[in-house]
file upload_23.csv (CSV, C-alpha atoms)
chain,number,residue,atom,x,y,z
A,263,MET,CA,19.8,7.5,59.7
A,264,SER,CA,22.6,5.6,58.0
A,265,GLN,CA,23.2,6.1,54.3
A,266,ARG,CA,22.4,3.2,51.9
A,267,ASP,CA,25.0,1.8,49.6
A,268,TYR,CA,25.0,3.9,46.4
A,269,TYR,CA,25.0,0.8,44.2
A,270,GLU,CA,22.0,-0.5,46.0
A,271,VAL,CA,20.3,2.9,45.6
A,272,LEU,CA,20.7,2.7,41.8
A,273,GLY,CA,20.0,-1.1,41.7
A,274,VAL,CA,23.3,-1.9,39.8
A,275,ALA,CA,26.2,-4.2,40.4
A,276,ARG,CA,29.5,-2.8,41.7
A,277,GLU,CA,31.2,-3.4,38.3
A,278,ALA,CA,28.4,-1.6,36.4
A,279,SER,CA,29.6,0.4,33.4
A,280,PRO,CA,29.0,4.2,33.1
A,281,GLU,CA,26.3,3.5,30.6
A,282,GLU,CA,24.5,1.1,32.9
A,283,LEU,CA,24.7,3.6,35.8
A,284,LYS,CA,23.2,6.3,33.6
A,285,ALA,CA,20.4,4.0,32.3
A,286,ALA,CA,19.5,3.0,35.9
A,287,PHE,CA,19.5,6.6,37.1
A,288,ARG,CA,17.3,7.7,34.2
A,289,ASN,CA,14.7,5.0,34.9
A,290,LEU,CA,14.6,5.7,38.6
A,291,ALA,CA,14.6,9.5,38.2
A,292,ARG,CA,11.6,9.2,36.0
A,293,LYS,CA,9.8,7.1,38.6
A,294,TYR,CA,10.6,9.3,41.7
A,295,HIS,CA,10.8,12.8,40.4
A,296,PRO,CA,8.5,14.9,42.7
A,297,ASP,CA,6.7,16.5,39.7
A,298,ILE,CA,5.6,13.0,38.7
A,299,ASN,CA,5.5,10.9,41.8
A,300,LYS,CA,3.3,12.4,44.6
A,301,GLU,CA,4.2,9.8,47.3
A,302,PRO,CA,5.4,11.5,50.5
A,303,ASP,CA,8.9,10.0,50.3
A,304,ALA,CA,9.4,10.7,46.5
A,305,GLU,CA,11.5,13.8,47.1
A,306,GLU,CA,13.8,12.1,49.5
A,307,ARG,CA,14.2,9.1,47.2
A,308,PHE,CA,15.0,11.4,44.4
A,309,LYS,CA,17.7,13.3,46.4
A,310,GLU,CA,19.2,9.9,47.3
A,311,LEU,CA,19.3,8.9,43.6
A,312,ASN,CA,21.0,12.2,42.7
A,313,GLU,CA,23.5,11.8,45.4
A,314,ALA,CA,24.3,8.2,44.4
A,315,TYR,CA,24.6,9.1,40.7
A,316,ALA,CA,26.7,12.2,41.4
A,317,VAL,CA,29.3,10.0,43.2
A,318,LEU,CA,29.3,6.9,41.0
A,319,SER,CA,29.3,8.8,37.7
A,320,ASP,CA,32.5,10.6,38.7
A,321,VAL,CA,35.6,8.4,38.2
A,322,GLU,CA,37.6,9.8,41.1
A,323,LYS,CA,34.7,9.9,43.5
A,324,ARG,CA,33.7,6.4,42.6
A,325,ALA,CA,37.2,5.1,43.2
A,326,ALA,CA,37.2,6.8,46.6
A,327,TYR,CA,33.8,5.4,47.4
A,328,ASP,CA,34.8,1.9,46.3
A,329,ARG,CA,37.8,2.1,48.6
A,330,TYR,CA,36.5,3.9,51.7
A,331,GLY,CA,32.7,3.9,51.4
A,332,HIS,CA,30.7,7.0,52.3
A,333,ALA,CA,33.6,8.3,54.4
A,334,GLY,CA,35.7,8.6,51.2
A,335,VAL,CA,33.3,11.1,49.7
A,336,ASN,CA,31.5,12.7,52.6
A,337,GLY,CA,34.5,13.6,54.7
A,338,MET,CA,33.2,14.3,58.3
A,339,GLY,CA,29.5,14.1,57.5
A,340,GLY,CA,29.4,16.6,54.7
A,341,SER,CA,27.4,16.1,51.5
A,342,PRO,CA,28.8,15.2,48.0
A,343,ASP,CA,29.6,18.2,45.8
A,344,PHE,CA,27.0,18.3,42.9
A,345,SER,CA,28.6,21.4,41.3
A,346,GLY,CA,30.4,19.4,38.6
A,347,MET,CA,27.4,17.2,37.8
A,348,ASP,CA,25.6,17.7,34.5
A,349,PHE,CA,21.9,16.6,34.6
A,350,THR,CA,21.0,18.6,31.5
A,351,ASP,CA,20.4,15.8,29.1
A,352,ILE,CA,18.5,13.7,31.7
A,353,PHE,CA,16.1,16.4,32.6
A,354,GLU,CA,15.6,17.4,29.0
A,355,ASP,CA,14.7,13.9,28.0
A,356,PHE,CA,12.3,13.2,30.8
A,357,PHE,CA,10.8,16.4,32.1
A,358,GLY,CA,11.0,19.0,29.2
A,359,PHE,CA,13.2,21.5,31.0
A,360,ASN,CA,16.9,22.1,31.4
A,361,MET,CA,19.5,23.6,33.7
A,362,GLY,CA,20.5,26.5,31.6
A,363,GLY,CA,18.4,26.8,28.5
A,364,GLY,CA,19.1,25.5,25.0
A,365,GLY,CA,19.2,22.0,23.6
A,366,ARG,CA,15.4,21.5,23.5
A,367,ARG,CA,13.9,21.0,20.1
A,368,SER,CA,12.1,24.1,18.9
A,369,LYS,CA,8.5,24.1,17.9
A,370,ASN,CA,9.6,25.8,14.7
A,371,SER,CA,12.0,22.9,13.8
A,372,PRO,CA,11.2,21.2,10.5
A,373,ARG,CA,8.7,18.3,10.9
A,374,ARG,CA,7.9,15.5,8.6
A,375,GLY,CA,4.3,15.2,7.4
A,376,ALA,CA,2.0,12.4,8.4
A,377,ASP,CA,1.7,9.2,6.3
A,378,LEU,CA,-1.6,8.4,4.5
A,379,SER,CA,-3.0,5.1,3.4
A,380,GLN,CA,-5.4,4.1,0.7
A,381,ILE,CA,-7.0,0.7,-0.1
A,382,VAL,CA,-7.0,-0.6,-3.7
A,383,GLN,CA,-9.0,-3.6,-4.8
A,384,LEU,CA,-7.6,-5.9,-7.5
A,385,THR,CA,-8.9,-8.9,-9.4
A,386,PHE,CA,-7.0,-12.1,-9.1
A,387,GLU,CA,-5.6,-11.7,-12.5
A,388,GLU,CA,-4.4,-8.1,-11.8
A,389,SER,CA,-2.6,-9.3,-8.7
A,390,VAL,CA,-0.8,-12.0,-10.8
A,391,PHE,CA,0.2,-9.8,-13.8
A,392,GLY,CA,0.4,-6.4,-12.2
A,393,VAL,CA,-1.6,-3.3,-13.3
A,394,ASP,CA,-1.5,0.5,-13.5
A,395,LYS,CA,-4.3,1.9,-11.2
A,396,ASP,CA,-5.6,5.4,-11.0
A,397,ILE,CA,-6.5,6.2,-7.4
A,398,GLU,CA,-8.0,9.2,-5.7
A,399,PHE,CA,-7.3,10.2,-2.1
A,400,VAL,CA,-7.7,13.3,0.1
A,401,ARG,CA,-4.8,15.2,1.6
A,402,ASP,CA,-3.8,18.7,2.7
A,403,GLU,CA,-2.0,21.0,0.2
A,404,VAL,CA,-0.6,24.5,0.4
A,405,CYS,CA,-3.5,26.9,0.2
A,406,ALA,CA,-3.6,28.4,-3.3
A,407,THR,CA,-5.0,31.7,-2.1
A,408,CYS,CA,-2.5,32.6,0.7
A,409,HIS,CA,0.3,30.4,-0.6
A,410,GLY,CA,0.6,28.8,2.8
A,411,SER,CA,1.0,31.9,4.9
A,412,GLY,CA,-2.4,31.6,6.5
A,413,ALA,CA,-2.9,35.4,6.1
A,414,GLU,CA,-5.5,37.0,3.9
A,415,PRO,CA,-3.9,38.2,0.6
A,416,GLY,CA,-2.5,41.7,1.1
A,417,THR,CA,-1.7,41.1,4.8
A,418,SER,CA,1.2,39.3,6.5
A,419,PRO,CA,1.7,37.5,9.8
A,420,VAL,CA,3.4,39.5,12.5
A,421,LYS,CA,6.0,38.3,15.1
A,422,CYS,CA,4.4,37.1,18.3
A,423,SER,CA,5.0,39.7,21.0
A,424,THR,CA,4.9,37.1,23.8
A,425,CYS,CA,7.7,34.8,22.6
A,426,GLU,CA,9.4,37.2,20.2
A,427,GLY,CA,9.0,34.7,17.4
A,428,ARG,CA,10.6,31.8,19.2
A,429,GLY,CA,7.4,29.8,19.6
A,430,GLU,CA,8.3,29.0,23.2
A,431,VAL,CA,8.6,30.8,26.5
A,432,ARG,CA,10.9,30.1,29.4
A,433,HIS,CA,10.1,30.2,33.1
A,434,MET,CA,12.8,30.1,35.8
A,435,ARG,CA,12.0,27.8,38.7
A,436,GLN,CA,13.8,27.0,41.9
A,437,THR,CA,14.3,23.3,42.9
A,438,PHE,CA,16.5,21.6,45.4
A,439,LEU,CA,19.0,21.1,42.6
A,440,GLY,CA,19.2,24.8,41.9
A,441,SER,CA,17.7,27.1,39.3
A,442,MET,CA,16.1,25.5,36.3
A,443,VAL,CA,14.6,26.8,33.2
A,444,GLN,CA,11.3,25.3,32.1
A,445,VAL,CA,10.6,25.6,28.4
A,446,VAL,CA,6.9,25.5,27.3
A,447,THR,CA,5.0,26.2,24.1
A,448,CYS,CA,4.0,29.8,23.8
A,449,PRO,CA,0.4,30.1,24.9
A,450,THR,CA,-0.3,33.1,22.6
A,451,CYS,CA,0.8,31.8,19.2
A,452,GLY,CA,0.7,28.0,19.9
A,453,GLY,CA,4.3,27.6,19.1
A,454,LYS,CA,4.2,29.2,15.6
A,455,GLY,CA,6.2,32.3,16.6
A,456,GLU,CA,3.8,34.6,14.7
A,457,MET,CA,0.3,35.9,14.8
A,458,ILE,CA,-2.2,36.3,12.0
A,459,SER,CA,-4.5,39.3,12.4
A,460,SER,CA,-6.5,38.7,9.2
A,461,PRO,CA,-6.8,34.9,8.5
A,462,CYS,CA,-7.2,33.7,5.0
A,463,LYS,CA,-10.9,33.1,4.3
A,464,VAL,CA,-10.2,29.9,2.3
A,465,CYS,CA,-8.0,28.0,4.7
A,466,ARG,CA,-9.0,29.9,7.9
A,467,GLY,CA,-5.5,30.7,8.7
A,468,THR,CA,-4.1,27.2,8.6
A,469,GLY,CA,-2.2,27.7,5.3
A,470,LEU,CA,-3.5,24.4,4.1
A,471,GLU,CA,-6.7,23.3,2.2
A,472,ARG,CA,-8.1,19.8,1.7
A,473,LYS,CA,-8.0,18.5,-1.9
A,474,THR,CA,-8.8,15.4,-3.7
A,475,VAL,CA,-5.7,14.2,-5.5
A,476,SER,CA,-5.5,11.7,-8.4
A,477,LYS,CA,-2.4,9.5,-8.9
A,478,ALA,CA,-1.4,6.7,-11.2
A,479,VAL,CA,0.1,3.7,-9.2
A,480,LYS,CA,2.1,1.0,-10.8
A,481,ILE,CA,1.3,-2.2,-9.0
A,482,PRO,CA,3.8,-5.1,-9.7
A,483,GLY,CA,2.7,-8.6,-10.4
A,484,GLY,CA,2.8,-11.0,-7.5
A,485,VAL,CA,1.1,-8.8,-4.9
A,486,ASP,CA,-1.3,-10.3,-2.4
A,487,SER,CA,-3.9,-8.9,0.1
A,488,GLY,CA,-2.0,-6.9,2.7
A,489,THR,CA,0.9,-6.0,0.4
A,490,GLN,CA,1.7,-2.2,0.6
A,491,VAL,CA,3.0,-0.1,-2.2
A,492,ARG,CA,4.8,3.1,-1.0
A,493,LEU,CA,4.5,6.4,-2.9
A,494,SER,CA,7.2,8.5,-1.3
A,495,GLY,CA,6.4,12.1,-0.6
A,496,GLU,CA,2.7,11.8,-1.4
A,497,GLY,CA,1.4,12.0,2.1
A,498,GLN,CA,0.6,15.0,4.3
A,499,PRO,CA,2.8,18.1,3.8
A,500,GLY,CA,5.6,18.7,6.3
A,501,SER,CA,5.7,21.8,8.5
A,502,ASN,CA,8.4,24.4,8.8
A,503,GLY,CA,10.1,23.1,5.7
A,504,GLY,CA,10.0,19.5,6.7
A,505,PRO,CA,9.5,16.7,4.1
A,506,ASN,CA,6.1,15.3,3.1
A,507,GLY,CA,4.9,12.0,4.5
A,508,ASN,CA,4.3,8.9,2.3
A,509,LEU,CA,1.2,7.4,0.8
A,510,TYR,CA,0.9,3.7,1.4
A,511,VAL,CA,-1.4,1.8,-1.0
A,512,GLU,CA,-2.8,-1.3,0.6
A,513,ILE,CA,-3.8,-4.1,-1.7
A,514,ARG,CA,-7.0,-6.2,-1.4
A,515,VAL,CA,-7.4,-9.1,-3.9
A,516,LYS,CA,-10.9,-10.3,-4.8
A,517,ALA,CA,-11.6,-14.0,-4.6
A,518,HIS,CA,-11.6,-15.9,-7.9
A,519,GLN,CA,-14.3,-18.2,-9.1
A,520,PHE,CA,-11.9,-21.1,-9.6
A,521,PHE,CA,-8.4,-20.2,-8.6
A,522,ARG,CA,-7.0,-20.1,-5.0
A,523,ARG,CA,-3.6,-18.8,-3.8
A,524,GLN,CA,-1.2,-20.7,-1.6
A,525,SER,CA,2.0,-18.6,-1.3
A,526,ASP,CA,3.1,-18.2,-4.9
A,527,ASN,CA,1.3,-21.3,-6.1
A,528,ILE,CA,-2.2,-21.4,-7.6
A,529,LEU,CA,-4.6,-24.2,-6.6
A,530,LEU,CA,-7.3,-25.5,-8.9
A,531,ASP,CA,-9.9,-28.2,-8.1
A,532,LEU,CA,-10.6,-30.1,-11.4
A,533,ASN,CA,-13.5,-32.5,-11.9
A,534,ILE,CA,-13.0,-35.5,-14.2
A,535,ASN,CA,-15.4,-38.3,-14.8
A,536,VAL,CA,-15.0,-41.9,-13.7
A,537,ALA,CA,-14.0,-43.1,-17.1
A,538,GLN,CA,-11.2,-40.6,-17.5
A,539,ALA,CA,-9.9,-41.5,-14.1
A,540,THR,CA,-10.1,-45.2,-14.8
A,541,LEU,CA,-8.9,-45.3,-18.4
A,542,GLY,CA,-6.7,-42.2,-18.4
A,543,ALA,CA,-7.2,-39.2,-20.6
A,544,GLU,CA,-5.7,-35.9,-21.9
A,545,VAL,CA,-7.6,-33.0,-20.5
A,546,ASP,CA,-7.6,-29.2,-20.9
A,547,VAL,CA,-6.8,-27.4,-17.7
A,548,PRO,CA,-7.5,-23.6,-17.2
A,549,THR,CA,-4.6,-21.5,-16.0
A,550,VAL,CA,-4.3,-17.7,-15.7
A,551,TYR,CA,-2.0,-18.0,-18.8
A,552,GLY,CA,-4.5,-19.9,-20.9
A,553,ASN,CA,-5.5,-23.6,-21.2
A,554,GLU,CA,-2.9,-26.3,-20.7
A,555,LYS,CA,-2.9,-29.9,-21.8
A,556,MET,CA,-2.5,-32.3,-18.9
A,557,VAL,CA,-2.3,-36.1,-19.0
A,558,VAL,CA,-4.4,-38.0,-16.4
A,559,PRO,CA,-2.9,-41.5,-16.0
A,560,ALA,CA,-5.2,-44.6,-15.9
A,561,GLY,CA,-6.2,-45.4,-12.4
A,562,THR,CA,-6.0,-41.9,-11.0
A,563,GLN,CA,-7.5,-41.6,-7.5
A,564,PRO,CA,-9.6,-38.8,-6.0
A,565,GLY,CA,-7.4,-36.2,-4.4
A,566,LYS,CA,-4.4,-36.8,-6.7
A,567,VAL,CA,-2.4,-33.6,-7.1
A,568,PHE,CA,-0.7,-32.7,-10.5
A,569,THR,CA,1.8,-29.9,-10.9
A,570,LEU,CA,2.0,-27.5,-13.8
A,571,ARG,CA,5.4,-25.9,-13.5
A,572,ASN,CA,5.8,-22.1,-13.7
A,573,LYS,CA,2.0,-21.6,-14.1
A,574,GLY,CA,1.7,-19.9,-10.7
A,575,ILE,CA,2.2,-16.4,-9.4
A,576,PRO,CA,5.4,-14.3,-10.1
A,577,HIS,CA,7.7,-14.0,-7.2
A,578,LEU,CA,7.4,-10.4,-5.9
A,579,ARG,CA,11.1,-10.3,-5.2
A,580,GLY,CA,13.4,-12.0,-7.7
A,581,GLY,CA,12.6,-13.7,-10.9
A,582,GLY,CA,10.5,-16.8,-11.7
A,583,ARG,CA,7.0,-18.0,-10.8
A,584,GLY,CA,5.3,-20.5,-8.6
A,585,ASP,CA,3.4,-23.5,-9.9
A,586,GLN,CA,-0.2,-24.4,-10.4
A,587,LYS,CA,-1.4,-27.4,-8.3
A,588,VAL,CA,-4.3,-29.3,-9.9
A,589,ILE,CA,-6.3,-31.3,-7.4
A,590,VAL,CA,-8.4,-34.0,-9.2
A,591,ASN,CA,-11.9,-34.9,-8.0
A,592,ILE,CA,-13.7,-37.9,-9.5
A,593,GLN,CA,-17.2,-36.8,-10.5
A,594,ILE,CA,-19.8,-39.6,-10.0
A,595,PRO,CA,-22.8,-39.4,-12.3
A,596,THR,CA,-26.1,-38.9,-10.6
A,597,HIS,CA,-28.3,-39.6,-13.6
A,598,LEU,CA,-27.7,-42.6,-16.0
A,599,ASP,CA,-29.6,-43.5,-19.1
A,600,GLU,CA,-30.6,-47.2,-19.7
A,601,LYS,CA,-27.4,-48.0,-21.7
A,602,GLN,CA,-25.1,-46.4,-19.1
A,603,ARG,CA,-26.8,-48.2,-16.2
A,604,LYS,CA,-26.4,-51.6,-18.1
A,605,LEU,CA,-22.7,-51.0,-18.7
A,606,PHE,CA,-22.1,-50.1,-15.0
A,607,GLU,CA,-24.0,-53.2,-13.9
A,608,GLU,CA,-21.9,-55.3,-16.1
A,609,LEU,CA,-18.8,-53.6,-14.7
A,610,ALA,CA,-20.0,-54.0,-11.1
A,611,GLY,CA,-20.3,-57.8,-11.6
A,612,THR,CA,-16.6,-58.0,-12.5
A,613,LEU,CA,-15.4,-55.9,-9.6
A,614,GLY,CA,-16.9,-57.8,-6.7
A,615,ALA,CA,-18.6,-56.4,-3.6
A,616,GLU,CA,-15.7,-56.3,-1.0
A,617,VAL,CA,-15.1,-52.9,0.7
A,618,LEU,CA,-12.1,-51.9,2.7
A,619,PRO,CA,-11.4,-49.0,5.1
A,620,GLN,CA,-9.0,-46.3,3.8
A,621,GLU,CA,-5.8,-45.9,5.8
A,622,LYS,CA,-5.5,-42.1,5.1
A,623,SER,CA,-8.2,-39.6,4.3
A,624,ILE,CA,-8.1,-37.5,1.2
A,625,PHE,CA,-7.9,-34.4,3.5
A,626,ASP,CA,-4.7,-35.8,5.1
A,627,ILE,CA,-3.2,-36.7,1.7
A,628,LEU,CA,-3.8,-33.1,0.5
A,629,LYS,CA,-2.3,-31.7,3.6
A,630,ASP,CA,0.9,-33.8,3.0
A,631,VAL,CA,1.1,-32.8,-0.7
A,632,LEU,CA,0.2,-29.1,-0.3
A,633,GLY,CA,1.9,-28.5,3.0
A,634,GLY,CA,-1.1,-27.7,5.1

call {"tool": "encode", "arguments": {"input": "upload_23.csv", "output": "structure tokens"}}
result
Amino acid sequence: MSQRDYYEVLGVAREASPEELKAAFRNLARKYHPDINKEPDAEERFKELNEAYAVLSDVEKRAAYDRYGHAGVNGMGGSPDFSGMDFTDIFEDFFGFNMGGGGRRSKNSPRRGADLSQIVQLTFEESVFGVDKDIEFVRDEVCATCHGSGAEPGTSPVKCSTCEGRGEVRHMRQTFLGSMVQVVTCPTCGGKGEMISSPCKVCRGTGLERKTVSKAVKIPGGVDSGTQVRLSGEGQPGSNGGPNGNLYVEIRVKAHQFFRRQSDNILLDLNINVAQATLGAEVDVPTVYGNEKMVVPAGTQPGKVFTLRNKGIPHLRGGGRGDQKVIVNIQIPTHLDEKQRKLFEELAGTLGAEVLPQEKSIFDILKDVLGG
């Protein structure tokens, strides 16, 4: 059977860089390795991939192949020489074994602890001004009885006789590429490298115990629901001397009776009566910073939006604050006494009875002003 073009085998262009060749080989090797792919032709495809990569990854062989084709590297029907090829990093990355041992991350290497999360509820005002909160959460800590050894006080762990303290064992296996060393976690000690004959009664040999921890968290002003505050090193403990994980405090803000948030602006719906809207008035407007005087001009229409500068929420990053947007609603009286009814009837007689359709709804006006 005629040999396929090596570039076609790897699925790359003839001008492909060494990095592109290696990336293509890695992807296809993962797909067709016989230990992973059980299709009948997987082994042959894998051999073909190795042959193509062995030639194209070598500068001199690639030049000969580009000039003379298969004849330039095969001679009179021979096979390419794989002796100079280094597949170590590729097989380590994908299959967990190597061609001569070493290079694989040990089970006893330092490992960072897992991150934890905790939800904290704030009032609207607390989210605006910031607050110091005391929180409680559960995490693992070094066992106070065995001091993390996992062994009952007065005893000590002993080196695992199976792996001699390495935490992993190596098996030699023969493949069509030669002898390979497969490295696996020691089945006796589970990768720890030592055995505990008398486990600590408190932590049951884990070296850790669950504890409820209290921490004071400083929450800055301007946070919103979904904001996370990171407490570095307050997560789960690391192993083998690795660093602790982090604690992420997730903020949830309770809804306010009157105020609503839009970005860093505060929205407030304010009811005024028909006389104030018609004649104009000075009114007190509540803000999170206290009441503010606001002038309502004569002839104010429903849905009119007034802005109180710098009365909004502090910017979480950088100085300054947002604004407070006051949306005016005209409150129509539902119960009139005799004098009020007479006055309205006199007013109605001067206004006429003509009605006109409105070109733009209040909802559309608010969308334009508030940006959706």

call {"tool": "closest_residue", "arguments": {"input": "upload_23.csv", "among": "A:Pro564, A:Arg307, A:Asn312, A:His577", "to": "A:Thr540", "atoms": "all atoms listed in the file"}}
result
A:Pro564

call {"tool": "atom_distance", "arguments": {"input": "upload_23.csv", "atom1": "atom CA of A:Gly507", "atom2": "atom CA of A:Ser494"}}
result
7.2 Å

call {"tool": "residues_near_point", "arguments": {"input": "upload_23.csv", "point": "(-8.3, 14.0, -7.3)", "cutoff": "10 Å", "atoms": "only C-alpha atoms", "output": "NGL selection string"}}
result
:A and (396-401 or 473-477)

call {"tool": "residues_around", "arguments": {"input": "upload_23.csv", "residues": "A:Asp526", "least_positions_apart": "5", "cutoff": "9 Å", "atoms": "all atoms listed in the file", "output": "list in words"}}
result
Gly484, Gly574, Ile575, Pro576, His577, Leu578, Arg583, Gly584, Asp585 and Gln586 of chain A

call {"tool": "write_last_selection", "arguments": {"input": "upload_23.csv", "atoms": "C-alpha atoms", "output": "mmCIF file, in the frame of the given file"}}
result
data_model
loop_
_atom_site.group_PDB
_atom_site.id
_atom_site.type_symbol
_atom_site.label_atom_id
_atom_site.label_comp_id
_atom_site.auth_asym_id
_atom_site.auth_seq_id
_atom_site.Cartn_x
_atom_site.Cartn_y
_atom_site.Cartn_z
ATOM 1 C CA GLY A 484 2.800 -11.000 -7.500
ATOM 2 C CA GLY A 574 1.700 -19.900 -10.700
ATOM 3 C CA ILE A 575 2.200 -16.400 -9.400
ATOM 4 C CA PRO A 576 5.400 -14.300 -10.100
ATOM 5 C CA HIS A 577 7.700 -14.000 -7.200
ATOM 6 C CA LEU A 578 7.400 -10.400 -5.900
ATOM 7 C CA ARG A 583 7.000 -18.000 -10.800
ATOM 8 C CA GLY A 584 5.300 -20.500 -8.600
ATOM 9 C CA ASP A 585 3.400 -23.500 -9.900
ATOM 10 C CA GLN A 586 -0.200 -24.400 -10.400
#

call {"tool": "atom_distance", "arguments": {"input": "upload_23.csv", "atom1": "atom CA of A:Pro419", "atom2": "atom CA of A:Ser459"}}
result
7.0 Å

call {"tool": "residues_around", "arguments": {"input": "upload_23.csv", "residues": "A:His295", "least_positions_apart": "2", "cutoff": "7 Å", "atoms": "only C-alpha atoms", "output": "VMD selection string"}}
result
chain A and resid 291 to 293 297 to 299 304 to 305 308

call {"tool": "atom_distance", "arguments": {"input": "upload_23.csv", "atom1": "atom CA of A:Ile592", "atom2": "atom CA of A:Glu554"}}
result
19.4 Å

call {"tool": "residues_around", "arguments": {"input": "upload_23.csv", "residues": "A:Cys405", "least_positions_apart": "6", "cutoff": "7 Å", "atoms": "only C-alpha atoms", "output": "PDB file with C-alpha atoms, in the frame of the given file"}}
result
ATOM      1  CA  CYS A 465      -8.000  28.000   4.700  1.00  0.00           C
ATOM      2  CA  GLY A 469      -2.200  27.700   5.300  1.00  0.00           C
ATOM      3  CA  LEU A 470      -3.500  24.400   4.100  1.00  0.00           C
ATOM      4  CA  GLU A 471      -6.700  23.300   2.200  1.00  0.00           C
TER       5      GLU A 471
END

call {"tool": "residues_around", "arguments": {"input": "upload_23.csv", "residues": "A:Thr417", "least_positions_apart": "3", "cutoff": "8 Å", "atoms": "all atoms listed in the file", "output": "list in words"}}
result
Ala413, Glu414 and Ser460 of chain A

call {"tool": "closest_residue", "arguments": {"input": "upload_23.csv", "among": "A:Gly453, A:Pro461, A:Gly429, A:Pro302", "to": "A:Gly412", "atoms": "only C-alpha atoms"}}
result
A:Pro461

call {"tool": "residues_around", "arguments": {"input": "upload_23.csv", "residues": "A:Ala537", "least_positions_apart": "6", "cutoff": "10 Å", "atoms": "all atoms listed in the file", "output": "PyMOL selection string"}}
result
chain A and resi 543+560-561+592-594

call {"tool": "closest_residue", "arguments": {"input": "upload_23.csv", "among": "A:Pro415, A:Pro280, A:Gly497, A:Pro548", "to": "A:Phe520", "atoms": "only C-alpha atoms"}}
result
A:Pro548

call {"tool": "closest_residue", "arguments": {"input": "upload_23.csv", "among": "A:Ser411, A:Asp267, A:Met457, A:Gln383", "to": "A:Glu426", "atoms": "only C-alpha atoms"}}
result
A:Met457

call {"tool": "closest_residue", "arguments": {"input": "upload_23.csv", "among": "A:Thr468, A:Ala275, A:Tyr268, A:Glu387", "to": "A:Val317", "atoms": "all atoms listed in the file"}}
result
A:Tyr268

call {"tool": "decode", "arguments": {"input": "upload_23.csv", "residues": "stretch 502-517 of chain A", "atoms": "N, CA and C atoms", "output": "compact mmCIF listing (two decimals), in the first residue's frame"}}
result
# COMPACT_ATOMS: atom_id res chain seq x y z
N ASN A 502 0.82 19.11 51.58
CA ASN A 502 2.25 18.98 51.33
C ASN A 502 2.96 20.34 51.31
N GLY A 503 2.50 21.23 52.18
CA GLY A 503 3.13 22.55 52.27
C GLY A 503 2.60 23.56 51.28
N GLY A 504 1.55 23.21 50.53
CA GLY A 504 0.98 24.15 49.57
C GLY A 504 0.18 25.24 50.27
N PRO A 505 -0.08 26.36 49.58
CA PRO A 505 -0.80 27.48 50.20
C PRO A 505 -2.28 27.18 50.38
N ASN A 506 -2.90 27.90 51.31
CA ASN A 506 -4.35 27.78 51.51
C ASN A 506 -5.10 28.38 50.33
N GLY A 507 -6.33 27.92 50.14
CA GLY A 507 -7.20 28.55 49.17
C GLY A 507 -7.73 29.88 49.69
N ASN A 508 -8.62 30.50 48.93
CA ASN A 508 -9.20 31.78 49.32
C ASN A 508 -10.66 31.60 49.72
N LEU A 509 -11.16 32.56 50.47
CA LEU A 509 -12.59 32.62 50.80
C LEU A 509 -13.20 33.76 50.01
N TYR A 510 -14.26 33.47 49.27
CA TYR A 510 -14.95 34.50 48.48
C TYR A 510 -16.30 34.79 49.14
N VAL A 511 -16.47 36.03 49.57
CA VAL A 511 -17.72 36.46 50.20
C VAL A 511 -18.59 37.08 49.12
N GLU A 512 -19.71 36.42 48.83
CA GLU A 512 -20.63 36.91 47.79
C GLU A 512 -21.72 37.77 48.41
N ILE A 513 -21.93 38.95 47.85
CA ILE A 513 -22.86 39.92 48.40
C ILE A 513 -24.26 39.71 47.83
N ARG A 514 -25.26 39.76 48.69
CA ARG A 514 -26.66 39.81 48.30
C ARG A 514 -27.28 41.03 48.98
N VAL A 515 -27.90 41.92 48.21
CA VAL A 515 -28.47 43.16 48.75
C VAL A 515 -30.00 43.03 48.80
N LYS A 516 -30.57 43.29 49.96
CA LYS A 516 -32.03 43.23 50.13
C LYS A 516 -32.69 44.41 49.41
N ALA A 517 -33.89 44.19 48.90
CA ALA A 517 -34.62 45.26 48.24
C ALA A 517 -35.03 46.32 49.26
